[in-house]
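Have a look at coords-v6.cif; it's mmCIF, C-alpha atoms:
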```cif
data_my_file
loop_
_atom_site.group_PDB
_atom_site.id
_atom_site.type_symbol
_atom_site.label_atom_id
_atom_site.label_comp_id
_atom_site.auth_asym_id
_atom_site.auth_seq_id
_atom_site.Cartn_x
_atom_site.Cartn_y
_atom_site.Cartn_z
ATOM 1 C CA MET I 1 79.260 81.906 125.372
ATOM 2 C CA HIS I 2 77.692 84.956 126.943
ATOM 3 C CA SER I 3 79.903 87.792 128.206
ATOM 4 C CA LEU I 4 79.296 89.663 131.416
ATOM 5 C CA ASP I 5 79.842 93.404 131.901
ATOM 6 C CA THR I 6 82.606 92.532 134.370
ATOM 7 C CA ASP I 7 84.641 90.249 132.053
ATOM 8 C CA ALA I 8 88.112 91.453 131.072
ATOM 9 C CA SER I 9 87.970 92.830 127.538
ATOM 10 C CA VAL I 10 90.069 93.967 124.595
ATOM 11 C CA LEU I 11 89.247 97.432 123.267
ATOM 12 C CA MET I 12 89.501 98.135 119.540
ATOM 13 C CA ASN I 13 89.253 101.900 119.008
ATOM 14 C CA ALA I 14 88.948 104.100 115.927
ATOM 15 C CA HIS I 15 87.521 107.512 115.183
ATOM 16 C CA PHE I 16 85.299 108.838 112.423
ATOM 17 C CA ASP I 17 86.010 112.401 111.390
ATOM 18 C CA SER I 18 85.707 112.412 107.622
ATOM 19 C CA PRO I 19 84.475 115.627 106.012
ATOM 20 C CA VAL I 20 81.016 115.740 104.455
ATOM 21 C CA ASN I 21 82.308 115.300 100.881
ATOM 22 C CA SER I 22 84.385 112.209 101.735
ATOM 23 C CA PRO I 23 83.103 108.606 101.796
ATOM 24 C CA GLY I 24 85.446 108.106 104.781
ATOM 25 C CA ALA I 25 86.760 104.640 103.970
ATOM 26 C CA GLY I 26 90.101 105.364 105.644
ATOM 27 C CA ASP I 27 88.258 106.007 108.888
ATOM 28 C CA SER I 28 86.108 102.877 108.524
ATOM 29 C CA SER I 29 88.858 100.227 108.584
ATOM 30 C CA LEU I 30 87.897 99.126 112.106
ATOM 31 C CA LEU I 31 84.360 98.462 110.900
ATOM 32 C CA GLU I 32 85.856 96.079 108.340
ATOM 33 C CA VAL I 33 87.904 94.383 111.085
ATOM 34 C CA ALA I 34 84.690 93.868 113.075
ATOM 35 C CA ARG I 35 83.033 92.357 110.002
ATOM 36 C CA LEU I 36 85.959 89.982 109.470
ATOM 37 C CA VAL I 37 85.802 88.825 113.099
ATOM 38 C CA VAL I 38 82.040 88.214 112.911
ATOM 39 C CA ASP I 39 82.157 86.510 109.488
ATOM 40 C CA SER I 40 84.986 84.206 110.577
ATOM 41 C CA GLY I 41 82.751 82.527 113.156
ATOM 42 C CA TRP I 42 85.547 82.876 115.705
ATOM 43 C CA ALA I 43 84.394 83.246 119.299
ATOM 44 C CA PRO I 44 87.027 85.237 121.203
ATOM 45 C CA PRO I 45 87.824 83.964 124.695
ATOM 46 C CA GLN I 46 87.369 87.506 126.036
ATOM 47 C CA PRO I 47 84.897 90.175 124.915
ATOM 48 C CA ILE I 48 86.016 92.664 122.282
ATOM 49 C CA ILE I 49 84.723 96.212 122.602
ATOM 50 C CA PHE I 50 84.594 97.981 119.230
ATOM 51 C CA LEU I 51 84.614 101.703 120.051
ATOM 52 C CA PHE I 52 83.842 104.052 117.168
ATOM 53 C CA ASN I 53 84.066 107.647 118.292
ATOM 54 C CA GLY I 54 84.307 111.179 117.025
ATOM 55 C CA ALA I 55 85.937 114.419 118.085
ATOM 56 C CA GLU I 56 89.487 113.082 118.062
ATOM 57 C CA GLU I 57 90.865 116.369 116.793
ATOM 58 C CA LEU I 58 88.837 118.184 119.476
ATOM 59 C CA PHE I 59 90.913 117.037 122.430
ATOM 60 C CA MET I 60 89.927 113.383 121.909
ATOM 61 C CA LEU I 61 86.476 113.980 123.377
ATOM 62 C CA GLY I 62 85.079 110.600 122.231
ATOM 63 C CA SER I 63 87.730 108.452 123.899
ATOM 64 C CA HIS I 64 87.797 110.822 126.888
ATOM 65 C CA GLY I 65 84.046 110.366 127.342
ATOM 66 C CA PHE I 66 84.376 106.585 127.179
ATOM 67 C CA MET I 67 87.236 106.459 129.695
ATOM 68 C CA THR I 68 85.572 108.818 132.152
ATOM 69 C CA GLN I 69 81.939 107.724 131.910
ATOM 70 C CA HIS I 70 81.330 104.319 130.309
ATOM 71 C CA LYS I 71 80.511 101.351 132.555
ATOM 72 C CA LEU I 72 82.929 99.046 130.643
ATOM 73 C CA LYS I 73 86.006 101.298 131.021
ATOM 74 C CA ASP I 74 87.362 99.304 133.974
ATOM 75 C CA THR I 75 87.147 95.972 132.121
ATOM 76 C CA ILE I 76 89.756 96.862 129.486
ATOM 77 C CA GLY I 77 92.847 94.693 129.790
ATOM 78 C CA ALA I 78 94.447 95.729 126.477
ATOM 79 C CA PHE I 79 93.642 97.966 123.512
ATOM 80 C CA VAL I 80 94.475 98.614 119.883
ATOM 81 C CA ASN I 81 93.964 102.134 118.554
ATOM 82 C CA VAL I 82 93.507 102.064 114.763
ATOM 83 C CA GLU I 83 94.582 105.432 113.427
ATOM 84 C CA ALA I 84 94.586 106.620 109.834
ATOM 85 C CA SER I 85 96.607 109.170 107.930
ATOM 86 C CA GLY I 86 95.896 107.367 104.693
ATOM 87 C CA THR I 87 93.481 104.916 103.160
ATOM 88 C CA GLY I 88 95.444 101.761 103.854
ATOM 89 C CA GLY I 89 98.713 100.016 103.490
ATOM 90 C CA ILE I 90 100.774 97.994 105.862
ATOM 91 C CA ASP I 91 100.133 99.041 109.431
ATOM 92 C CA LEU I 92 102.818 100.903 111.344
ATOM 93 C CA VAL I 93 102.996 100.755 115.130
ATOM 94 C CA CYS I 94 104.002 104.211 116.303
ATOM 95 C CA GLN I 95 103.283 103.842 120.029
ATOM 96 C CA SER I 96 103.258 100.773 122.252
ATOM 97 C CA GLY I 97 103.194 100.074 125.933
ATOM 98 C CA PRO I 98 103.287 100.335 128.809
ATOM 99 C CA GLY I 99 105.803 97.515 128.846
ATOM 100 C CA SER I 100 106.948 95.423 125.902
ATOM 101 C CA TRP I 101 104.284 92.731 125.640
ATOM 102 C CA PRO I 102 101.962 94.678 123.272
ATOM 103 C CA SER I 103 104.849 94.961 120.795
ATOM 104 C CA ASN I 104 105.733 91.297 121.265
ATOM 105 C CA VAL I 105 102.154 90.183 120.550
ATOM 106 C CA TYR I 106 102.049 92.422 117.489
ATOM 107 C CA SER I 107 105.362 91.119 116.129
ATOM 108 C CA GLN I 108 104.125 87.525 116.398
ATOM 109 C CA ALA I 109 100.620 88.139 115.014
ATOM 110 C CA ALA I 110 101.005 90.674 112.199
ATOM 111 C CA MET I 111 101.575 89.394 108.686
ATOM 112 C CA HIS I 112 104.020 92.235 108.054
ATOM 113 C CA PRO I 113 105.106 93.609 111.446
ATOM 114 C CA MET I 114 106.407 97.134 111.157
ATOM 115 C CA ALA I 115 107.159 99.674 113.863
ATOM 116 C CA GLN I 116 108.980 102.946 114.241
ATOM 117 C CA SER I 117 110.302 103.589 117.733
ATOM 118 C CA SER I 118 111.185 107.218 117.025
ATOM 119 C CA ALA I 119 107.476 107.974 116.609
ATOM 120 C CA GLN I 120 106.939 107.240 120.307
ATOM 121 C CA ASP I 121 109.501 109.920 121.154
ATOM 122 C CA VAL I 122 108.077 112.455 118.689
ATOM 123 C CA PHE I 123 104.425 112.381 119.817
ATOM 124 C CA PRO I 124 105.016 114.256 123.103
ATOM 125 C CA VAL I 125 106.604 117.212 121.270
ATOM 126 C CA ILE I 126 104.433 117.618 118.146
ATOM 127 C CA PRO I 127 100.981 119.232 118.110
ATOM 128 C CA GLY I 128 99.344 115.998 116.868
ATOM 129 C CA ASP I 129 97.959 113.287 119.095
ATOM 130 C CA THR I 130 95.883 110.110 118.980
ATOM 131 C CA ASP I 131 93.368 108.382 121.246
ATOM 132 C CA TYR I 132 96.234 106.145 122.432
ATOM 133 C CA ARG I 133 97.061 108.702 125.107
ATOM 134 C CA MET I 134 93.608 108.455 126.694
ATOM 135 C CA PHE I 135 93.942 104.703 127.229
ATOM 136 C CA ALA I 136 97.658 104.279 127.983
ATOM 137 C CA GLU I 137 98.441 107.470 129.858
ATOM 138 C CA ASP I 138 95.696 109.897 130.892
ATOM 139 C CA TYR I 139 92.972 107.574 132.202
ATOM 140 C CA GLY I 140 94.695 104.259 132.666
ATOM 141 C CA ASP I 141 97.899 102.371 132.417
ATOM 142 C CA ILE I 142 96.343 100.005 129.885
ATOM 143 C CA PRO I 143 98.742 98.100 127.622
ATOM 144 C CA GLY I 144 98.117 98.775 123.968
ATOM 145 C CA LEU I 145 99.176 99.637 120.459
ATOM 146 C CA ASP I 146 98.762 102.721 118.302
ATOM 147 C CA ILE I 147 98.592 101.468 114.704
ATOM 148 C CA ILE I 148 98.604 103.937 111.836
ATOM 149 C CA PHE I 149 97.886 103.432 108.131
ATOM 150 C CA LEU I 150 100.009 105.783 106.041
ATOM 151 C CA ARG I 151 99.685 104.814 102.381
ATOM 152 C CA GLY I 152 97.197 106.639 100.230
ATOM 153 C CA GLY I 153 97.405 109.819 102.261
ATOM 154 C CA TYR I 154 96.556 111.870 99.180
ATOM 155 C CA TYR I 155 93.107 110.148 99.105
ATOM 156 C CA TYR I 156 92.434 110.431 102.834
ATOM 157 C CA HIS I 157 89.464 112.665 103.720
ATOM 158 C CA THR I 158 88.761 113.442 100.058
ATOM 159 C CA SER I 159 86.045 112.288 97.670
ATOM 160 C CA PHE I 160 88.471 109.516 96.617
ATOM 161 C CA ASP I 161 88.616 108.006 100.152
ATOM 162 C CA THR I 162 86.748 104.856 99.043
ATOM 163 C CA VAL I 163 86.676 101.216 100.167
ATOM 164 C CA ASP I 164 88.456 99.979 97.034
ATOM 165 C CA ARG I 165 91.536 101.954 98.112
ATOM 166 C CA ILE I 166 91.873 100.154 101.468
ATOM 167 C CA LEU I 167 94.435 97.435 100.932
ATOM 168 C CA THR I 168 93.551 93.907 102.046
ATOM 169 C CA GLU I 169 96.617 93.432 104.255
ATOM 170 C CA SER I 170 95.531 96.406 106.381
ATOM 171 C CA LYS I 171 92.272 94.678 107.306
ATOM 172 C CA VAL I 172 93.684 91.178 107.681
ATOM 173 C CA ASP I 173 96.633 92.175 109.879
ATOM 174 C CA ASN I 174 94.352 93.771 112.475
ATOM 175 C CA GLY I 175 91.971 90.802 112.507
ATOM 176 C CA ARG I 176 94.899 88.420 113.039
ATOM 177 C CA LEU I 177 96.225 90.632 115.819
ATOM 178 C CA ILE I 178 92.965 90.314 117.760
ATOM 179 C CA ALA I 179 92.911 86.536 117.324
ATOM 180 C CA LYS I 180 96.558 86.118 118.336
ATOM 181 C CA LYS I 181 96.232 88.273 121.465
ATOM 182 C CA ASN I 182 93.455 86.067 122.798
#
```
Using structure tokens, write down the structure that the file contains.
Amino acid sequence: MHSLDTDASVLMNAHFDSPVNSPGAGDSSLLEVARLVVDSGWAPPQPIIFLFNGAEELFMLGSHGFMTQHKLKDTIGAFVNVEASGTGGIDLVCQSGPGSWPSNVYSQAAMHPMAQSSAQDVFPVIPGDTDYRMFAEDYGDIPGLDIIFLRGGYYYHTSFDTVDRILTESKVDNGRLIAKKN
């Protein structure tokens, strides 16, 4: 089935910001999710946009550019922001909304659903941020999830940030989440 530029889509977002001396595997988990979707032979009922961007720490310039200038920005019906503060592990939903259905879909689809509601209250007051804000708040009221990998933080953005340190359940959970949503 061929998708049109006007079809409602699901956005899968991640950023690449690994330093020069790091292989960057923690930042490449969404690339592995895309590979799993393609290799499975599954044809999603709606298009999936895989957005790989940079400049997250610089005021989220990559996601800002997409939401303000890309022709597909108005097709997004839901999104998943894959964030990393480690090289893998069970995913943790730290922000969800607007509304409860993104959390409900996640709880039904994830192999090991895990969320921390206090994180949603902390993000507005700490100096850290994720691309989630661009999609759910600043440039749209798009329902979505902010999923963070926390284990292996001591490897993240170092020369030890390698593919063999990304745990399998991290990759599989996100692939199942896409399939369940559609």
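Residues lying within 7 Å of Pro47 in chain I, counting all atoms listed in the file and ignoring same-chain neighbours fewer than 4 positions away, are Ser3, Ser9 and Val10 of chain I.
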With the PyMOL selection byres ((chain I and resi 133) around 10) as the selection, what would be picked from this file? Answer as a ChimeraX atom specification, please. /I:60,63-64,81,95,123-124,129-132,134-142,146
If you keep C-alpha atoms, can you produce a file of those selected residues as a PDB file, in the coordinates of the input?
```pdb
ATOM      1  CA  MET I  60      89.927 113.383 121.909  1.00  0.00           C
ATOM      2  CA  SER I  63      87.730 108.452 123.899  1.00  0.00           C
ATOM      3  CA  HIS I  64      87.797 110.822 126.888  1.00  0.00           C
ATOM      4  CA  ASN I  81      93.964 102.134 118.554  1.00  0.00           C
ATOM      5  CA  GLN I  95     103.283 103.842 120.029  1.00  0.00           C
ATOM      6  CA  PHE I 123     104.425 112.381 119.817  1.00  0.00           C
ATOM      7  CA  PRO I 124     105.016 114.256 123.103  1.00  0.00           C
ATOM      8  CA  ASP I 129      97.959 113.287 119.095  1.00  0.00           C
ATOM      9  CA  THR I 130      95.883 110.110 118.980  1.00  0.00           C
ATOM     10  CA  ASP I 131      93.368 108.382 121.246  1.00  0.00           C
ATOM     11  CA  TYR I 132      96.234 106.145 122.432  1.00  0.00           C
ATOM     12  CA  MET I 134      93.608 108.455 126.694  1.00  0.00           C
ATOM     13  CA  PHE I 135      93.942 104.703 127.229  1.00  0.00           C
ATOM     14  CA  ALA I 136      97.658 104.279 127.983  1.00  0.00           C
ATOM     15  CA  GLU I 137      98.441 107.470 129.858  1.00  0.00           C
ATOM     16  CA  ASP I 138      95.696 109.897 130.892  1.00  0.00           C
ATOM     17  CA  TYR I 139      92.972 107.574 132.202  1.00  0.00           C
ATOM     18  CA  GLY I 140      94.695 104.259 132.666  1.00  0.00           C
ATOM     19  CA  ASP I 141      97.899 102.371 132.417  1.00  0.00           C
ATOM     20  CA  ILE I 142      96.343 100.005 129.885  1.00  0.00           C
ATOM     21  CA  ASP I 146      98.762 102.721 118.302  1.00  0.00           C
TER      22      ASP I 146
END
```
Chain and number of each residue from the PyMOL selection byres ((chain I and resi 82) around 8), as a CSV table (one decimal) with C-alpha atoms, keeping the file's coordinate frame:
```csv
chain,number,residue,atom,x,y,z
I,12,MET,CA,89.5,98.1,119.5
I,13,ASN,CA,89.3,101.9,119.0
I,14,ALA,CA,88.9,104.1,115.9
I,29,SER,CA,88.9,100.2,108.6
I,30,LEU,CA,87.9,99.1,112.1
I,80,VAL,CA,94.5,98.6,119.9
I,81,ASN,CA,94.0,102.1,118.6
I,83,GLU,CA,94.6,105.4,113.4
I,84,ALA,CA,94.6,106.6,109.8
I,146,ASP,CA,98.8,102.7,118.3
I,147,ILE,CA,98.6,101.5,114.7
I,148,ILE,CA,98.6,103.9,111.8
```
From I:Gln108, I:Ala8, I:Thr68, I:Pro102, residue lying nearest Pro44 in chain I [all atoms listed in the file]: I:Ala8
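Minimum atom-to-atom distances from I:Leu61, I:Gly54, I:Leu145, I:Ser22 to Gly97 in chain I were compared using all atoms listed in the file, and the lowest value belongs to I:Leu145.
Considering the residues I:Leu11, I:Val105, I:Met111, I:Val20 and counting only C-alpha atoms, Ile76 in chain I has its shortest atom-to-atom contact with I:Leu11.
Atom pair CA of Asp74 in chain I / CA of Ala115 in chain I: separated by 28.2 Å.
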When you look at range 157-162 of chain I with a cut-off of 6 Å (counting only C-alpha atoms), what residues show up, excluding the ones that are within fewer than 4 positions of it in the same chain? I need them as a PyMOL selection string. chain I and resi 18+21-25
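Note that CA of His15 in chain I and CA of Val163 in chain I are 16.3 Å apart.
Between CA of His112 in chain I and CA of Val38 in chain I lies a distance of 22.9 Å.
Among the candidate residues I:Asn53, I:Phe16, I:Gly144, I:Gly77, the one lying nearest to Tyr106 in chain I is I:Gly144, with distances computed using all atoms listed in the file.
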Got a sec: who's within 12 Å of Leu4 in chain I, counting all atoms listed in the file, leaving out chain neighbours fewer than 2 positions off, as JSON, numbers by chain? {"I": [1, 2, 6, 7, 8, 9, 46, 47, 48, 71, 72, 75]}
Write the residues of the preceding selection, restricted to C-alpha atoms, as an mmCIF file, keeping the file's coordinate frame.
```
data_model
loop_
_atom_site.group_PDB
_atom_site.id
_atom_site.type_symbol
_atom_site.label_atom_id
_atom_site.label_comp_id
_atom_site.auth_asym_id
_atom_site.auth_seq_id
_atom_site.Cartn_x
_atom_site.Cartn_y
_atom_site.Cartn_z
ATOM 1 C CA MET I 1 79.260 81.906 125.372
ATOM 2 C CA HIS I 2 77.692 84.956 126.943
ATOM 3 C CA THR I 6 82.606 92.532 134.370
ATOM 4 C CA ASP I 7 84.641 90.249 132.053
ATOM 5 C CA ALA I 8 88.112 91.453 131.072
ATOM 6 C CA SER I 9 87.970 92.830 127.538
ATOM 7 C CA GLN I 46 87.369 87.506 126.036
ATOM 8 C CA PRO I 47 84.897 90.175 124.915
ATOM 9 C CA ILE I 48 86.016 92.664 122.282
ATOM 10 C CA LYS I 71 80.511 101.351 132.555
ATOM 11 C CA LEU I 72 82.929 99.046 130.643
ATOM 12 C CA THR I 75 87.147 95.972 132.121
#
```
Could you rebuild range 34-47 of chain I with N, CA and C atoms and give me the result as a compact mmCIF listing (two decimals), in the frame of the given file?
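Listed below is the output, selection.txt:
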```txt
# COMPACT_ATOMS: atom_id res chain seq x y z
N ALA I 34 85.82 94.46 112.34
CA ALA I 34 84.69 93.87 113.08
C ALA I 34 83.93 92.89 112.19
N ARG I 35 83.71 93.25 110.93
CA ARG I 35 83.03 92.36 110.00
C ARG I 35 83.82 91.07 109.80
N LEU I 36 85.13 91.17 109.65
CA LEU I 36 85.96 89.98 109.47
C LEU I 36 85.89 89.05 110.68
N VAL I 37 85.89 89.63 111.87
CA VAL I 37 85.80 88.82 113.10
C VAL I 37 84.45 88.10 113.15
N VAL I 38 83.38 88.82 112.87
CA VAL I 38 82.04 88.21 112.91
C VAL I 38 81.90 87.15 111.83
N ASP I 39 82.30 87.45 110.60
CA ASP I 39 82.16 86.51 109.49
C ASP I 39 83.02 85.27 109.64
N SER I 40 84.10 85.36 110.41
CA SER I 40 84.99 84.21 110.58
C SER I 40 84.36 83.12 111.45
N GLY I 41 83.36 83.49 112.25
CA GLY I 41 82.75 82.53 113.16
C GLY I 41 83.56 82.32 114.43
N TRP I 42 84.67 83.01 114.55
CA TRP I 42 85.55 82.88 115.70
C TRP I 42 84.89 83.47 116.94
N ALA I 43 84.92 82.74 118.03
CA ALA I 43 84.39 83.25 119.30
C ALA I 43 85.58 83.59 120.19
N PRO I 44 85.87 84.86 120.39
CA PRO I 44 87.03 85.24 121.20
C PRO I 44 86.84 84.79 122.65
N PRO I 45 87.93 84.41 123.30
CA PRO I 45 87.82 83.96 124.70
C PRO I 45 87.47 85.11 125.66
N GLN I 46 87.72 86.33 125.24
CA GLN I 46 87.37 87.51 126.04
C GLN I 46 86.55 88.43 125.14
N PRO I 47 85.68 89.24 125.72
CA PRO I 47 84.90 90.18 124.92
C PRO I 47 85.79 91.19 124.20
```
